[in-house]
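What follows is one structure encoded as C-alpha cells, with my remarks underneath.
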Amino acid sequence: MLMDRRLAQHVSAGVLVASMVLLTGCKQEAGSMPAQEVPQVEIVTVQTQTIPDEPEFLGQAEASRPVEIRSQVTGLLKAVLYQEGRDVKKGDRLYQIDPVPFKAAVASAKAKIAQAEARVVQAKQDLARVKPLLAEQAVSQKDVDDAVAEELSANAAMQGAQADLIKAQFDMDNTLITAPISGIVERSRYYEGRLVSAQTDLLTTIHRVDPMYVVVSVPETFILKRRRDIEAKRITHPGVYQLRADLTLMDGTPFPQEGKLDLLEPGLRSETGRA
C-alpha cells in the first residue's frame with residue numbers, strides 16, 4: 001500500500017507539472033499575438049466647387065478671310081507688281097491693266113460733257129428769247145413748248161454724259177489693281193500679256209491670317225451629352241460665345257495666344273456624325 005500511495009503521489013505530481021507546463025505554454029502563445037488596432041474613420045465635408053470642363057478636339061487652321069482678286073475691267077495684263085507668297089498690306093499694288101484704252105474713254109466722256117453743256121446753254125438762251133415774244137404774240141405757244149422741251153432734253157443729255165464719265169473714270173481707276181486687305185498673297189494665275197476678263201478670271205487670292213480661324217468638328221454624341229447635362233443643371237454653361245480655348249500645335253507646342261469661339265455654324269455631316 002505504501003508503494004502504491006507513493007506511486008499515486010508521483011503520478012499526481014506529474015500531472016500537475018504537465019498542467020502547469022501546458023498552462024504556461026498557452027499564456028505565452030496568447031501573449032505573443034499583437035493587439036488589434038482601432039479602425040480610423042475619416043470625415044470629409046462635401047463642398048460645391050467649380051471643375052473646369054476641358055474637352056479636346058482636333059481642328060484645322062484656316063484664314064479668317066480669303067479674298068479673291070479679279071479684274072473689274074477687261075483688258076491686257078501689263079504688269080504683276082507684287083512678290084508671290086509674301087505679306088501684302090491693304091492698298092499695295094498687285095496688277096496693272098493696260099490703261100491706254102481707258103484713258104481714251106475718259107477723254108471721250110469729257111468731250112461729250114462739254115458738248116452737253118453747250119447744248120444746255122443754247123437751250124436756255126432759246127427759251128429766254130421766246131418767252132417774252134409769246135406775250136406779244138410774235139411766236140406761237142408751240143414755239144415756247146419746243147424751247148422748254150429742248151432745255152429738258154439738253155439737261156438729260158448732260159446727265160447722261162456725266163454718268164458716262166463716271167463709268168469711264170471707274171474703269172480707268174481699276175486698271176491698277178490693289179490689295180483690298182492685308183494678308184498673305186498666293187502666286188499669280190496670270191502674267192504679262194494675258195487678256196483678262198472682267199470679274200471672271202481669278203488672278204490670285206489673299207489670305208488674312210491675323211486673326212485666323214481654327215475649324216473644329218465636334219462629335220454628335222458630345223453635343224447631345226452636353227445638352228442633356230445643361231438641361232439637368234449638372235454643368236453650368238457660360239454661353240456659346242463666351243467659350244475660350246487653348247491651342248496646341250501638331251508638334252505639341254502650345255500656341256501663345258488664347259482662342260475664343262467666334263462662330264457656331266449649325267449643321268451635321270451625315271457621313272461622319274460631326275457638327
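Each chain in the C-alpha cells gets a letter, A, B, ..., in the order shown, and its residues are numbered from 1; ligands are numbered from 1 in order too.
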Just the alpha helix (DSSP H) stuff from stretch 55-208 of chain A, please, per backbone DSSP, written as a PyMOL selection string.
chain A and resi 100-135+141-173
Using DSSP on the backbone coordinates, identify the residues of stretch 101-264 of chain A assigned to strand (DSSP E); present them as a PyMOL selection string.
chain A and resi 176-178+183-185+195-196+202-216+244-245+259-260
Set the distance at 8 Å and use only C-alpha atoms: which residues neighbour A:Lys260 once local chain neighbours fewer than 6 positions away are removed? I'd like the list as a CSV table (one decimal) with C-alpha atoms, in the first residue's frame.
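Just written: selection.csv:
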```csv
chain,number,residue,atom,x,y,z
A,241,TYR,CA,-19.8,82.8,-77.5
A,242,GLN,CA,-18.1,83.1,-74.0
A,243,LEU,CA,-16.1,79.9,-74.5
A,244,ARG,CA,-12.3,80.0,-74.7
A,245,ALA,CA,-9.7,77.5,-75.9
```
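Take the candidates A:Lys103, A:Lys112, A:His207, A:Arg70 and check each one against A:Asp173 using only C-alpha atoms; the shortest distance goes to A:Lys103.
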Write out as a PDB file with C-alpha atoms, in the first residue's frame each polymer residue whose atoms come within 10 Å of A:Tyr191, counting only C-alpha atoms; drop sequence neighbours fewer than 2 positions from it.
```pdb
ATOM      1  CA  LEU A  76      -4.440  93.316-121.348  1.00  0.00           C
ATOM      2  CA  LEU A  77      -2.397  92.458-118.252  1.00  0.00           C
ATOM      3  CA  LYS A  78       0.605  94.737-118.413  1.00  0.00           C
ATOM      4  CA  ALA A  79       2.475  94.054-115.148  1.00  0.00           C
ATOM      5  CA  VAL A  80       2.452  91.902-112.000  1.00  0.00           C
ATOM      6  CA  TYR A  95      -1.560  94.245-111.087  1.00  0.00           C
ATOM      7  CA  SER A 188      -0.401  84.776-109.661  1.00  0.00           C
ATOM      8  CA  ARG A 189      -2.538  82.741-112.042  1.00  0.00           C
ATOM      9  CA  GLY A 193       0.447  89.729-121.935  1.00  0.00           C
ATOM     10  CA  ARG A 194      -2.658  87.816-120.862  1.00  0.00           C
ATOM     11  CA  LEU A 195      -6.058  89.238-121.775  1.00  0.00           C
ATOM     12  CA  VAL A 196      -8.150  89.035-118.604  1.00  0.00           C
ATOM     13  CA  LEU A 203      -5.839  86.460-110.721  1.00  0.00           C
TER      14      LEU A 203
END
```
Can you pull out the residues contacting stretch 228-236 of chain A? Cut-off 9 Å, using only C-alpha atoms, and skip same-chain residues under 4 positions away; I want them as a PyMOL selection string.
chain A and resi 53+223-224
I'd like the neighbourhood of A:Asp143 as a PyMOL selection string, where a residue qualifies if any of its atoms comes within 10 Å (using only C-alpha atoms), though same-chain residues fewer than 2 positions away should be ignored.
chain A and resi 126-127+130-131+133-134+139-141+145-149
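Closest to A:Phe170 among A:Ile206, A:Met158, A:Pro132, A:Val106 is A:Val106, based on only C-alpha atoms.
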Between atom CA of A:Ala179 and atom CA of A:Val215, what is the spacing in Å?
25.7 Å
